[in-house]
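*Asks:* Pasting data.cif below, which is mmCIF, C-alpha atoms.
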data_target
loop_
_atom_site.label_atom_id
_atom_site.label_comp_id
_atom_site.auth_asym_id
_atom_site.auth_seq_id
_atom_site.Cartn_x
_atom_site.Cartn_y
_atom_site.Cartn_z
CA MET A 1 119.79 76.09 181.60
CA GLN A 2 123.28 77.56 181.07
CA ALA A 3 124.13 74.70 178.74
CA TRP A 4 121.04 75.38 176.65
CA LEU A 5 121.85 79.11 176.42
CA ALA A 6 125.42 78.30 175.45
CA ALA A 7 124.21 76.03 172.67
CA LEU A 8 121.80 78.69 171.40
CA TYR A 9 124.50 81.39 171.40
CA GLY A 10 126.81 79.01 169.60
CA MET A 11 124.27 78.38 166.85
CA VAL A 12 123.56 82.08 166.36
CA GLY A 13 127.22 83.00 166.44
CA GLY A 14 128.09 80.29 163.97
CA GLY A 15 125.36 81.43 161.59
CA VAL A 16 126.58 85.01 161.71
CA LEU A 17 130.17 84.00 161.06
CA ALA A 18 129.07 81.85 158.13
CA ALA A 19 127.07 84.74 156.67
CA LEU A 20 129.87 87.32 156.85
CA PRO A 21 131.74 86.17 153.70
CA LEU A 22 128.51 86.22 151.71
CA TYR A 23 127.71 89.71 152.98
CA PHE A 24 131.11 91.09 152.06
CA ALA A 25 131.02 89.31 148.69
CA ARG A 26 127.78 91.11 147.82
CA SER A 27 128.88 94.46 149.23
CA ASP A 28 130.07 97.13 146.78
CA ARG A 29 132.82 98.06 149.23
CA PHE A 30 134.32 94.57 149.24
CA GLU A 31 137.61 94.22 147.33
CA PRO A 32 139.40 90.89 146.97
CA LEU A 33 142.90 90.63 148.34
CA PRO A 34 145.67 90.95 145.78
CA ASP A 35 146.72 87.35 146.11
CA ASP A 36 143.11 86.25 145.47
CA ALA A 37 142.80 88.10 142.14
CA GLU A 38 143.54 85.09 139.99
CA ARG A 39 141.13 82.98 142.02
CA GLN A 40 138.37 85.55 141.53
CA LYS A 41 139.10 85.76 137.81
CA SER A 42 138.93 81.98 137.46
CA ARG A 43 135.69 81.88 139.42
CA SER A 44 134.21 84.60 137.16
CA GLY A 45 135.13 82.49 134.19
CA ARG A 46 133.39 79.47 135.68
CA ASP A 47 130.29 81.56 136.43
CA ALA A 48 130.21 82.86 132.86
CA ALA A 49 130.64 79.35 131.52
CA SER A 50 127.65 78.20 133.53
CA VAL A 51 125.44 80.04 131.02
CA THR A 52 126.56 79.00 127.55
CA LEU A 53 125.76 80.53 124.21
CA ASP A 54 123.58 77.50 123.40
CA GLU A 55 121.32 78.28 126.35
CA VAL A 56 121.07 81.96 125.43
CA MET A 57 120.21 81.18 121.81
CA ALA A 58 117.59 78.65 122.91
CA CYS A 59 115.69 81.51 124.59
CA LEU A 60 115.44 83.57 121.42
CA PRO A 61 112.09 83.43 119.58
CA ALA A 62 113.72 84.16 116.21
CA ALA A 63 115.53 81.79 113.87
CA THR A 64 119.20 82.38 114.65
CA LEU A 65 122.52 80.61 114.30
CA VAL A 66 126.18 81.27 115.10
CA LEU A 67 129.20 80.51 112.92
CA ASN A 68 132.79 80.43 114.11
CA ASP A 69 135.69 81.90 112.15
CA THR A 70 136.03 78.67 110.16
CA ARG A 71 132.45 79.19 108.91
CA LEU A 72 131.11 76.15 110.75
CA PRO A 73 127.80 76.44 112.63
CA CYS A 74 128.52 76.06 116.36
CA VAL A 75 125.03 77.01 117.62
CA ILE A 76 121.67 76.61 115.86
CA SER A 77 118.63 77.87 117.75
CA PRO A 78 115.59 75.59 118.16
CA GLU A 79 113.47 78.04 116.16
CA ALA A 80 115.93 77.89 113.26
CA LYS A 81 115.76 74.09 113.31
CA ARG A 82 111.97 74.25 113.32
CA GLN A 83 111.62 76.72 110.45
CA PHE A 84 114.50 75.53 108.26
CA THR A 85 114.69 71.80 109.05
CA ASN A 86 116.08 70.64 105.69
CA SER A 87 117.51 73.94 104.48
CA ILE A 88 120.10 75.13 107.05
CA GLY A 89 122.99 73.45 105.22
CA SER A 90 121.83 74.87 101.88
CA ILE A 91 121.58 78.36 103.42
CA ILE A 92 125.09 78.24 104.88
CA ARG A 93 126.59 76.91 101.62
CA HIS A 94 124.77 79.43 99.42
CA PRO A 95 127.22 81.70 97.51
CA ALA A 96 125.45 84.91 98.61
CA PHE A 97 125.67 83.85 102.26
CA GLN A 98 129.30 82.74 102.03
CA SER A 99 130.29 85.97 100.31
CA CYS A 100 128.68 87.97 103.10
CA VAL A 101 130.49 85.95 105.79
CA ASP A 102 133.82 86.44 103.97
CA ARG A 103 133.37 90.22 103.92
CA LEU A 104 132.55 90.32 107.62
CA LEU A 105 135.49 88.16 108.70
CA ALA A 106 137.87 90.22 106.56
CA GLN A 107 137.01 93.35 108.55
CA LYS A 108 139.20 94.01 111.58
CA LYS A 109 136.67 95.85 113.74
CA ASP A 110 133.74 94.35 115.64
CA ASP A 111 131.60 97.50 115.57
CA THR A 112 130.72 97.24 111.88
CA GLN A 113 127.23 97.52 110.50
CA PRO A 114 125.29 94.24 110.10
CA ALA A 115 125.58 92.70 106.66
CA GLU A 116 122.58 91.42 104.71
CA ALA A 117 122.19 88.56 102.24
CA LEU A 118 119.23 87.40 100.15
CA ILE A 119 119.25 83.65 99.63
CA MET A 120 117.13 81.90 97.01
CA LEU A 121 116.88 78.12 97.35
CA ASP A 122 115.48 75.63 94.85
CA ILE A 123 116.25 72.42 96.76
CA PRO A 124 114.55 70.67 98.51
CA HIS A 125 111.91 73.22 97.52
CA TYR A 126 111.67 76.88 96.57
CA ARG A 127 112.40 79.28 99.44
CA ILE A 128 113.55 82.87 99.79
CA VAL A 129 115.44 83.66 103.00
CA ARG A 130 116.88 87.00 104.11
CA ALA A 131 119.84 86.81 106.49
CA TRP A 132 121.31 89.53 108.70
CA LEU A 133 124.89 88.89 109.87
CA GLN A 134 126.97 90.55 112.60
CA LYS A 135 130.54 89.75 113.71
CA LYS A 136 131.45 89.77 117.42
CA THR A 137 134.36 88.52 119.55
CA VAL A 138 133.36 86.67 122.72
CA PRO A 139 135.20 84.70 125.44
CA ASP A 140 135.79 81.02 124.71
CA VAL A 141 133.89 79.98 127.83
CA PHE A 142 130.59 80.84 126.17
CA LEU A 143 131.10 78.13 123.56
CA SER A 144 130.74 74.38 123.71
CA GLU A 145 134.02 72.57 124.35
CA GLY A 146 134.39 71.34 120.79
CA TYR A 147 134.53 74.91 119.45
CA ARG A 148 136.89 76.47 122.03
CA LYS A 149 140.26 77.58 120.74
CA GLY A 150 142.00 78.25 124.04
CA GLY A 151 140.73 75.19 125.85
CA GLY A 152 138.12 77.21 127.69
CA ALA A 153 140.49 79.69 129.38
CA PHE A 154 138.74 82.86 130.40
CA SER A 155 141.34 85.06 128.69
CA SER A 156 141.00 83.43 125.25
CA LYS A 157 138.46 84.76 122.79
CA THR A 158 136.80 83.62 119.58
CA THR A 159 135.40 85.58 116.66
CA LEU A 160 131.83 84.60 115.81
CA VAL A 161 129.30 85.57 113.19
CA PHE A 162 125.76 85.87 114.54
CA VAL A 163 123.02 85.30 111.96
CA ALA A 164 119.31 86.06 112.05
CA LEU A 165 117.17 84.36 109.39
CA HIS A 166 113.80 85.52 108.10
CA ASP A 167 111.71 83.48 105.68
CA GLU A 168 110.26 85.78 103.01
CA THR A 169 108.87 83.01 100.82
CA GLU A 170 105.22 83.70 101.62
CA ALA A 171 105.46 87.43 100.88
CA VAL A 172 107.34 86.91 97.61
CA LEU A 173 105.00 84.11 96.48
CA ALA A 174 101.93 86.19 97.32
CA GLU A 175 103.21 89.03 95.15
CA ARG A 176 104.19 86.65 92.36
CA GLN A 177 100.87 84.82 92.52
CA HIS A 178 99.02 88.10 92.23
CA THR A 179 100.98 88.94 89.09
CA ASP A 180 100.58 85.44 87.66
CA PHE A 181 96.88 85.38 88.43
CA VAL A 182 96.30 88.61 86.52
CA ALA A 183 98.41 87.42 83.56
CA PHE A 184 97.11 83.85 83.33
CA ALA A 185 93.50 84.51 84.26
CA SER A 186 93.15 87.39 81.82
CA HIS A 187 94.50 85.16 79.03
CA GLU A 188 92.42 82.08 79.83
CA LEU A 189 89.19 83.95 80.62
CA ARG A 190 89.27 85.95 77.41
CA THR A 191 87.84 83.15 75.23
CA PRO A 192 84.82 82.16 77.37
CA LEU A 193 84.04 85.81 78.09
CA ALA A 194 84.13 86.66 74.39
CA SER A 195 81.76 83.73 73.71
CA LEU A 196 79.35 84.84 76.43
CA LEU A 197 79.31 88.43 75.19
CA GLY A 198 78.72 87.27 71.61
CA PHE A 199 75.81 85.01 72.62
CA ILE A 200 74.27 87.70 74.81
CA GLU A 201 74.47 90.21 71.96
CA THR A 202 72.80 87.68 69.62
CA LEU A 203 70.03 86.91 72.12
CA GLN A 204 69.36 90.60 72.60
CA GLY A 205 69.20 91.22 68.85
CA PRO A 206 68.42 88.77 65.99
CA ALA A 207 67.45 85.85 68.26
CA ALA A 208 65.33 87.83 70.68
CA ASP A 209 62.15 86.01 69.59
CA ASP A 210 63.63 82.64 68.50
CA ALA A 211 62.99 80.11 71.29
CA ALA A 212 65.01 77.30 69.65
CA ILE A 213 68.14 79.41 69.24
CA GLN A 214 67.74 80.81 72.75
CA LYS A 215 67.67 77.30 74.21
CA GLU A 216 70.75 76.27 72.23
CA PHE A 217 72.71 79.40 73.10
CA LEU A 218 71.81 79.25 76.79
CA GLY A 219 73.21 75.72 76.95
CA ILE A 220 76.49 76.86 75.40
CA MET A 221 76.62 79.88 77.71
CA SER A 222 76.13 77.61 80.70
CA GLU A 223 79.10 75.47 79.64
CA GLN A 224 81.31 78.53 79.16
CA ALA A 225 80.34 79.88 82.58
CA LYS A 226 81.17 76.51 84.17
CA ARG A 227 84.51 76.55 82.39
CA MET A 228 85.31 79.92 83.94
CA GLN A 229 84.20 78.64 87.34
CA ARG A 230 86.50 75.62 87.07
CA LEU A 231 89.36 77.86 86.04
CA LEU A 232 88.88 80.20 88.99
CA ASP A 233 88.49 77.31 91.44
CA GLY A 234 91.70 75.74 90.13
CA LEU A 235 93.64 78.99 90.40
CA LEU A 236 92.45 79.64 93.95
CA TYR A 237 93.27 76.08 95.05
CA LEU A 238 96.71 76.29 93.43
CA SER A 239 97.32 79.59 95.21
CA ARG A 240 96.44 78.07 98.59
CA VAL A 241 98.75 75.12 97.99
CA GLN A 242 101.64 77.38 97.02
CA MET A 243 101.22 79.44 100.17
CA GLN A 244 101.65 76.26 102.22
CA GLU A 245 104.42 74.75 100.12
CA HIS A 246 107.26 75.28 102.61
CA HIS A 247 105.18 74.18 105.63
CA ARG A 248 105.63 70.44 105.82
CA PRO A 249 102.42 68.63 106.99
CA THR A 250 102.74 66.57 110.17
CA ASP A 251 99.73 64.20 110.10
CA THR A 252 100.27 60.45 109.79
CA ILE A 253 98.41 58.90 106.85
CA GLY A 254 97.82 55.20 106.30
CA ILE A 255 98.10 54.35 102.61
CA ALA A 256 95.43 51.65 102.85
CA GLU A 257 92.88 54.17 104.15
CA LEU A 258 93.92 56.72 101.52
CA LEU A 259 93.37 54.22 98.69
CA LYS A 260 90.01 53.20 100.15
CA ARG A 261 88.85 56.82 100.10
CA LEU A 262 90.08 57.14 96.52
CA SER A 263 88.11 54.07 95.48
CA ASP A 264 84.94 55.45 97.09
CA GLU A 265 85.22 58.89 95.48
CA ALA A 266 86.28 57.61 92.05
CA SER A 267 83.29 55.28 91.86
CA GLY A 268 81.05 58.28 91.24
CA LEU A 269 83.20 59.45 88.33
CA ILE A 270 83.22 56.14 86.48
CA ALA A 271 79.58 55.18 87.06
CA GLY A 272 77.90 54.41 83.72
CA LYS A 273 81.11 54.82 81.69
CA PRO A 274 82.95 52.11 79.71
CA VAL A 275 85.78 52.00 82.24
CA HIS A 276 87.41 49.16 84.14
CA PHE A 277 88.77 50.77 87.33
CA GLN A 278 90.74 48.94 90.02
CA VAL A 279 92.79 49.81 93.09
CA GLN A 280 95.56 47.39 94.04
CA ALA A 281 96.06 47.79 97.79
CA ASP A 282 97.61 44.44 98.70
CA GLY A 283 100.47 44.59 101.19
CA VAL A 284 100.08 48.31 102.04
CA GLN A 285 98.36 47.99 105.42
CA GLU A 286 101.56 48.84 107.31
CA LEU A 287 102.71 51.67 105.02
CA CYS A 288 102.33 55.22 106.34
CA VAL A 289 103.49 58.64 105.18
CA GLN A 290 103.55 62.07 106.76
CA GLY A 291 101.25 64.46 104.96
CA ASP A 292 97.91 66.13 104.37
CA GLU A 293 95.35 63.44 103.53
CA ALA A 294 92.97 65.80 101.72
CA GLN A 295 95.76 67.09 99.47
CA LEU A 296 97.16 63.64 98.66
CA LEU A 297 93.65 62.46 97.83
CA GLN A 298 93.31 65.49 95.55
CA VAL A 299 96.53 64.47 93.78
CA LEU A 300 95.24 60.95 93.06
CA MET A 301 91.80 62.22 92.02
CA ASN A 302 93.38 64.67 89.57
CA LEU A 303 95.36 61.84 87.98
CA VAL A 304 92.33 59.55 87.77
CA GLU A 305 90.20 62.35 86.26
CA ASN A 306 92.87 63.04 83.65
CA ALA A 307 93.09 59.35 82.74
CA LEU A 308 89.30 59.24 82.46
CA LYS A 309 88.89 62.38 80.35
CA TYR A 310 91.67 61.79 77.88
CA GLY A 311 91.16 58.01 77.74
CA LEU A 312 87.46 58.30 76.87
CA PHE A 313 88.24 60.98 74.31
CA ASP A 314 89.95 58.25 72.28
CA ARG A 315 87.25 55.63 72.79
CA GLY A 316 86.27 55.68 69.08
CA LYS A 317 89.49 53.78 68.32
CA ARG A 318 88.92 51.11 70.96
CA ASN A 319 86.57 48.84 69.04
CA GLY A 320 84.30 48.57 72.07
CA GLN A 321 87.11 47.81 74.53
CA PRO A 322 86.72 49.52 77.94
CA LEU A 323 89.29 51.96 79.27
CA ASP A 324 91.51 50.39 81.93
CA ILE A 325 92.59 52.56 84.88
CA THR A 326 94.70 50.99 87.63
CA VAL A 327 95.91 52.60 90.86
CA ALA A 328 98.69 50.70 92.66
CA CYS A 329 101.16 51.15 95.49
CA THR A 330 104.56 49.50 96.01
CA ARG A 331 107.69 50.12 98.04
CA ALA A 332 110.26 52.16 96.12
CA THR A 333 113.15 50.08 94.80
CA LYS A 334 116.76 51.23 94.90
CA ASN A 335 118.49 52.56 91.79
CA ALA A 336 115.15 53.41 90.18
CA GLY A 337 115.74 57.15 89.98
CA TRP A 338 114.06 57.97 93.30
CA PRO A 339 115.72 59.41 96.44
CA THR A 340 117.80 56.93 98.43
CA GLU A 341 115.73 57.17 101.61
CA PRO A 342 112.91 54.63 102.15
CA GLY A 343 109.81 55.53 100.17
CA LEU A 344 106.75 54.25 98.38
CA VAL A 345 105.49 54.71 94.83
CA LEU A 346 101.85 55.35 93.96
CA SER A 347 101.02 54.86 90.29
CA VAL A 348 98.00 55.63 88.11
CA THR A 349 98.09 53.69 84.83
CA ASP A 350 95.62 53.95 81.95
CA SER A 351 95.25 52.31 78.56
CA GLY A 352 94.43 55.59 76.84
CA PRO A 353 95.91 57.15 73.70
CA GLY A 354 99.22 58.10 75.32
CA ILE A 355 101.13 61.38 75.19
CA PRO A 356 103.89 62.24 72.70
CA ALA A 357 107.32 62.42 74.35
CA ARG A 358 107.86 66.07 73.44
CA HIS A 359 105.03 67.13 75.76
CA LEU A 360 106.02 65.16 78.89
CA ASN A 361 108.44 67.73 80.36
CA ARG A 362 105.85 70.51 80.17
CA LEU A 363 102.79 68.77 81.55
CA THR A 364 103.11 70.37 85.01
CA GLU A 365 103.21 73.92 83.64
CA ARG A 366 100.17 76.07 84.33
CA PHE A 367 97.60 75.99 81.53
CA TYR A 368 99.77 73.76 79.36
CA ARG A 369 97.64 71.34 77.34
CA VAL A 370 98.43 68.98 74.48
CA ALA A 371 97.23 70.77 71.34
CA LYS A 372 95.60 67.71 69.81
CA THR A 373 93.15 67.22 72.68
CA ALA A 374 92.84 70.75 74.09
CA ALA A 375 90.01 71.69 71.75
CA SER A 376 87.99 68.54 72.43
CA VAL A 377 88.50 67.84 76.15
CA GLN A 378 87.25 70.31 78.76
CA GLY A 379 89.91 71.30 81.28
CA SER A 380 91.76 74.22 82.81
CA GLY A 381 95.32 72.97 82.35
CA LEU A 382 95.93 73.32 86.12
CA GLY A 383 95.47 69.73 87.31
CA LEU A 384 99.09 68.58 87.04
CA ALA A 385 100.41 71.96 88.23
CA ILE A 386 98.40 71.38 91.42
CA VAL A 387 99.80 67.83 91.66
CA GLN A 388 103.36 69.16 91.39
CA GLN A 389 102.84 71.83 94.06
CA ILE A 390 101.24 69.44 96.55
CA LEU A 391 104.04 66.90 96.11
CA ALA A 392 106.65 69.63 96.58
CA ARG A 393 105.04 70.39 99.95
CA HIS A 394 105.25 66.68 100.87
CA ASP A 395 108.89 66.40 99.71
CA GLY A 396 107.68 64.00 97.02
CA ARG A 397 108.55 63.39 93.38
CA PHE A 398 106.41 63.12 90.25
CA ALA A 399 107.15 61.40 86.94
CA VAL A 400 105.10 60.64 83.81
CA GLU A 401 105.84 57.83 81.38
CA SER A 402 103.78 57.40 78.23
CA THR A 403 103.76 55.57 74.91
CA VAL A 404 101.52 56.76 72.11
CA GLY A 405 98.85 54.17 71.38
CA GLU A 406 99.53 52.17 74.56
CA GLY A 407 98.78 54.38 77.53
CA THR A 408 100.22 56.55 80.30
CA THR A 409 101.58 55.90 83.80
CA CYS A 410 101.89 58.68 86.37
CA ARG A 411 104.13 57.81 89.33
CA ILE A 412 104.38 59.54 92.71
CA TRP A 413 107.20 58.95 95.17
CA LEU A 414 106.65 59.79 98.85
CA PRO A 415 109.04 59.27 101.80
CA LEU A 416 107.91 56.52 104.17
CA LEU A 417 107.27 57.42 107.78
CA ALA A 418 109.89 55.72 109.92
#
Would you mind giving the structure from this file in structure tokens?

*Replies:*
Amino acid sequence: MQAWLAALYGMVGGGVLAALPLYFARSDRFEPLPDDAERQKSRSGRDAASVTLDEVMACLPAATLVLNDTRLPCVISPEAKRQFTNSIGSIIRHPAFQSCVDRLLAQKKDDTQPAEALIMLDIPHYRIVRAWLQKKTVPDVFLSEGYRKGGGAFSSKTTLVFVALHDETEAVLAERQHTDFVAFASHELRTPLASLLGFIETLQGPAADDAAIQKEFLGIMSEQAKRMQRLLDGLLYLSRVQMQEHHRPTDTIGIAELLKRLSDEASGLIAGKPVHFQVQADGVQELCVQGDEAQLLQVLMNLVENALKYGLFDRGKRNGQPLDITVACTRATKNAGWPTEPGLVLSVTDSGPGIPARHLNRLTERFYRVAKTAASVQGSGLGLAIVQQILARHDGRFAVESTVGEGTTCRIWLPLLA
């Protein structure tokens, strides 16, 4: 019995003795001995280093990054990587951003007001980013080893520039689209509206009792109303695409399935027309891209519709020969003017009248139409502008080659999914 009590007292006593240092360490009245000061300082440094700046930045919901005094990014938050995947390097190298960093680092005090920079990017696609910058000096232990100046000693410090990024592209584009819509729509709608008003005035006056003229005018009015409807639909679709331009789609699309859908939908367009349409999908079963299938299908349909409309417009010079339209897909070859990363090329080729070289660089402008065919072929002039915007969202490229009297080839480059 005495042995058991002795063992119990020993356990309790040992536990109390072991707990005393922890108690005094947590007590406000505890002061380390003078000869332990350096040990406590070193231990504080190790405790601080246990939570690094990378971990703190990873907790922030905003897009942030940190530059050291050599202007190199030493921490990039996960949110910044998500929002600005392909643009962080362009942001840091931008002259407005670099100028702002230079001004901050030239100041001797840390308690300065945050600086602000507006960054406009054109590559890889159009973006407007506002950056707020603040300079602070922090202990080296908060940084990763590769960016420490003093080898991680607690006493050494490093000057950093903290940056918060805010993407203002959507707000700026929305304002610009509103302005463009008013300017473009008012210009393009003026002609059909003037025609409608003129026909209505005629039907209400001289042709009020003429059934033949009423039937003729109502047919023309219907066509003008449909023209306005197509114009408005195109503008609204273009606006939606532009709002999504800097949000890269993440779905995986099989090219074979995409071309099959194109063949099914295009069959309705060419039914009953003197057109020989074919889709060459050999060897594409394994090819995939990252994108929005509905939008990529819209791109190909726009190109096929253009080939159909403008090719049939010239059918009087064909001597009864059908219009040839061919859609094909191949892997992109090196040194062909495309980006160096692996990609594929989708092409839409027609045997139509061709386009003069002076017009090729302007085909993707809104409402731009070749003067020779604009009066005879119904269209809004938005089809290729939509193509360009969708491909910009997919990080793709678009090129048009044409020879008058021989035909036109529209080529699309898209990055292959690894």

*Asks:* For this file, the PyMOL selection byres ((chain A and resi 239-254) around 9) selects which residues, as a PyMOL selection string?

*Replies:* chain A and resi 83+125-127+169-170+173-174+177+181+234-238+255-259+284-293+295+386+389-395+417

*Asks:* Have a look at A:Lys81, A:Arg71, A:His166, A:Arg411 and name the one nearest to Leu118 in chain A; count all atoms listed in the file.

*Replies:*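 Answer, going by the shortest atom-to-atom distance: A:His166.
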
*Asks:* Counting all atoms listed in the file, figure out which residue out of A:Pro139, A:Leu218, A:Leu346, A:Met228 gets nearest to Thr191 in chain A.

*Replies:*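 Of A:Pro139, A:Leu218, A:Leu346, A:Met228, the one nearest Thr191 in chain A is A:Met228, counting all atoms listed in the file.
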
*Asks:* Could you expand the PyMOL selection byres ((chain A and resi 354) around 10) into the explicit residues it covers here, written as a ChimeraX atom specification?

*Replies:* /A:307,310-311,314,350-353,355-357,401-409

*Asks:* Starting from 5 Å padding per side, set up an axis-aligned box that covers all listed atoms of range 272-279 of chain A and hand over centre and edge lengths in Å, one decimal, as AutoDock Vina command-line options.

*Replies:*
--center_x 85.3 --center_y 51.9 --center_z 86.4 --size_x 24.9 --size_y 15.9 --size_z 23.4

*Asks:* For His276 in chain A, which of A:Gly381, A:Gly343, A:Pro322, A:Gly205 is the closest residue, counting only C-alpha atoms?

*Replies:*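 Going through A:Gly381, A:Gly343, A:Pro322, A:Gly205 one by one, the smallest distance to His276 in chain A is for A:Pro322.
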
*Asks:* Just give me the residues with any atom within 12 Å of (80.2, 84.8, 74.9), file coordinates, counting all atoms listed in the file, written as a VMD selection string.

*Replies:* chain A and resid 189 to 203 217 to 225 227 to 228

*Asks:* Could the residues in this selection be written to a file with C-alpha atoms, as a compact mmCIF listing (two decimals), in the frame of the given file?

*Replies:*
# COMPACT_ATOMS: atom_id res chain seq x y z
CA LEU A 189 89.19 83.95 80.62
CA ARG A 190 89.27 85.95 77.41
CA THR A 191 87.84 83.15 75.23
CA PRO A 192 84.82 82.16 77.37
CA LEU A 193 84.04 85.81 78.09
CA ALA A 194 84.13 86.66 74.39
CA SER A 195 81.76 83.73 73.71
CA LEU A 196 79.35 84.84 76.43
CA LEU A 197 79.31 88.43 75.19
CA GLY A 198 78.72 87.27 71.61
CA PHE A 199 75.81 85.01 72.62
CA ILE A 200 74.27 87.70 74.81
CA GLU A 201 74.47 90.21 71.96
CA THR A 202 72.80 87.68 69.62
CA LEU A 203 70.03 86.91 72.12
CA PHE A 217 72.71 79.40 73.10
CA LEU A 218 71.81 79.25 76.79
CA GLY A 219 73.21 75.72 76.95
CA ILE A 220 76.49 76.86 75.40
CA MET A 221 76.62 79.88 77.71
CA SER A 222 76.13 77.61 80.70
CA GLU A 223 79.10 75.47 79.64
CA GLN A 224 81.31 78.53 79.16
CA ALA A 225 80.34 79.88 82.58
CA ARG A 227 84.51 76.55 82.39
CA MET A 228 85.31 79.92 83.94

*Asks:* Figure out the distance between CA of Leu65 in chain A and CA of Arg82 in chain A, please, to one decimal in Å.

*Replies:*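 Separating CA of Arg82 in chain A from CA of Leu65 in chain A is a distance of 12.4 Å.
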
*Asks:* Measuring atom to atom with only C-alpha atoms, identify which of A:Thr333, A:Lys135, A:Glu216, A:Asp167 is nearest to Gln107 in chain A.

*Replies:*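 Among A:Thr333, A:Lys135, A:Glu216, A:Asp167, it is A:Lys135 that comes nearest to Gln107 in chain A.
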
*Asks:* Do a neighbour search on Thr70 in chain A at 12 Å with all atoms listed in the file, toss out local chain neighbours closer than 4 positions, and write the hits as a tab-separated table (two decimals) with C-alpha atoms, keeping the file's coordinate frame.

*Replies:*
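The resulting file, result01.tsv, is shown below:
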chain	number	residue	atom	x	y	z
A	66	VAL	CA	126.18	81.27	115.10
A	74	CYS	CA	128.52	76.06	116.36
A	98	GLN	CA	129.30	82.74	102.03
A	101	VAL	CA	130.49	85.95	105.79
A	102	ASP	CA	133.82	86.44	103.97
A	105	LEU	CA	135.49	88.16	108.70
A	147	TYR	CA	134.53	74.91	119.45
A	149	LYS	CA	140.26	77.58	120.74
A	158	THR	CA	136.80	83.62	119.58
A	159	THR	CA	135.40	85.58	116.66
A	160	LEU	CA	131.83	84.60	115.81
A	161	VAL	CA	129.30	85.57	113.19

*Asks:* Give me, please, the distance in Å between CA of Leu269 in chain A and CA of Gly383 in chain A, quoted to one decimal.

*Replies:*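 Those two atoms sit 16.0 Å apart.
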
*Asks:* Would you list the residues near (129.7, 94.3, 106.8) (no more than 8 Å away, in the coordinates of the file, using only C-alpha atoms) as an mmCIF file with C-alpha atoms, in the coordinates of the input?

*Replies:*
data_model
loop_
_atom_site.group_PDB
_atom_site.id
_atom_site.type_symbol
_atom_site.label_atom_id
_atom_site.label_comp_id
_atom_site.auth_asym_id
_atom_site.auth_seq_id
_atom_site.Cartn_x
_atom_site.Cartn_y
_atom_site.Cartn_z
ATOM 1 C CA CYS A 100 128.680 87.970 103.100
ATOM 2 C CA ARG A 103 133.370 90.220 103.920
ATOM 3 C CA LEU A 104 132.550 90.320 107.620
ATOM 4 C CA GLN A 107 137.010 93.350 108.550
ATOM 5 C CA THR A 112 130.720 97.240 111.880
ATOM 6 C CA GLN A 113 127.230 97.520 110.500
ATOM 7 C CA PRO A 114 125.290 94.240 110.100
ATOM 8 C CA ALA A 115 125.580 92.700 106.660
ATOM 9 C CA GLU A 116 122.580 91.420 104.710
ATOM 10 C CA LEU A 133 124.890 88.890 109.870
ATOM 11 C CA GLN A 134 126.970 90.550 112.600
#

*Asks:* Nearest to Thr85 in chain A among A:Ala63, A:Val400, A:Leu344, A:Ala207, with distances taken over only C-alpha atoms: which residue is it?

*Replies:*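 Smallest distance to Thr85 in chain A is found for A:Ala63.
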
*Asks:* When you look at Leu300 in chain A with a cut-off of 8 Å (counting only C-alpha atoms), what residues show up, excluding the ones that are within fewer than 4 positions of it in the same chain? I need them as a compact mmCIF listing (two decimals) with C-alpha atoms, in the coordinates of the input.

*Replies:*
# COMPACT_ATOMS: atom_id res chain seq x y z
CA LEU A 262 90.08 57.14 96.52
CA LEU A 296 97.16 63.64 98.66
CA VAL A 304 92.33 59.55 87.77
CA VAL A 348 98.00 55.63 88.11

*Asks:* Show me a table, sorted first by chain and then by increasing residue number, of the residues of range 75-163 of chain A having an atom at most 8 Å from range 51-62 of chain A, each with its shortest atom pair and the distance in Å to one decimal, counting all atoms listed in the file and written as CSV.

*Replies:*
residue,atom,partner,partner_atom,distance
A:Val75,CA,A:Asp54,CA,6.0
A:Ile76,CA,A:Met57,CA,7.6
A:Ser77,CA,A:Ala58,CA,5.3
A:Pro78,CA,A:Ala58,CA,6.0
A:Glu79,CA,A:Ala62,CA,6.1
A:Ala80,CA,A:Ala62,CA,7.3
A:Val141,CA,A:Thr52,CA,7.4
A:Phe142,CA,A:Thr52,CA,4.6
A:Leu143,CA,A:Leu53,CA,5.9
A:Ser144,CA,A:Thr52,CA,7.3

*Asks:* What does the distance from CA of Thr340 in chain A to CA of Leu414 in chain A come to in Å, to one decimal?

*Replies:*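 Going from CA of Thr340 in chain A over to CA of Leu414 in chain A, I get 11.5 Å.
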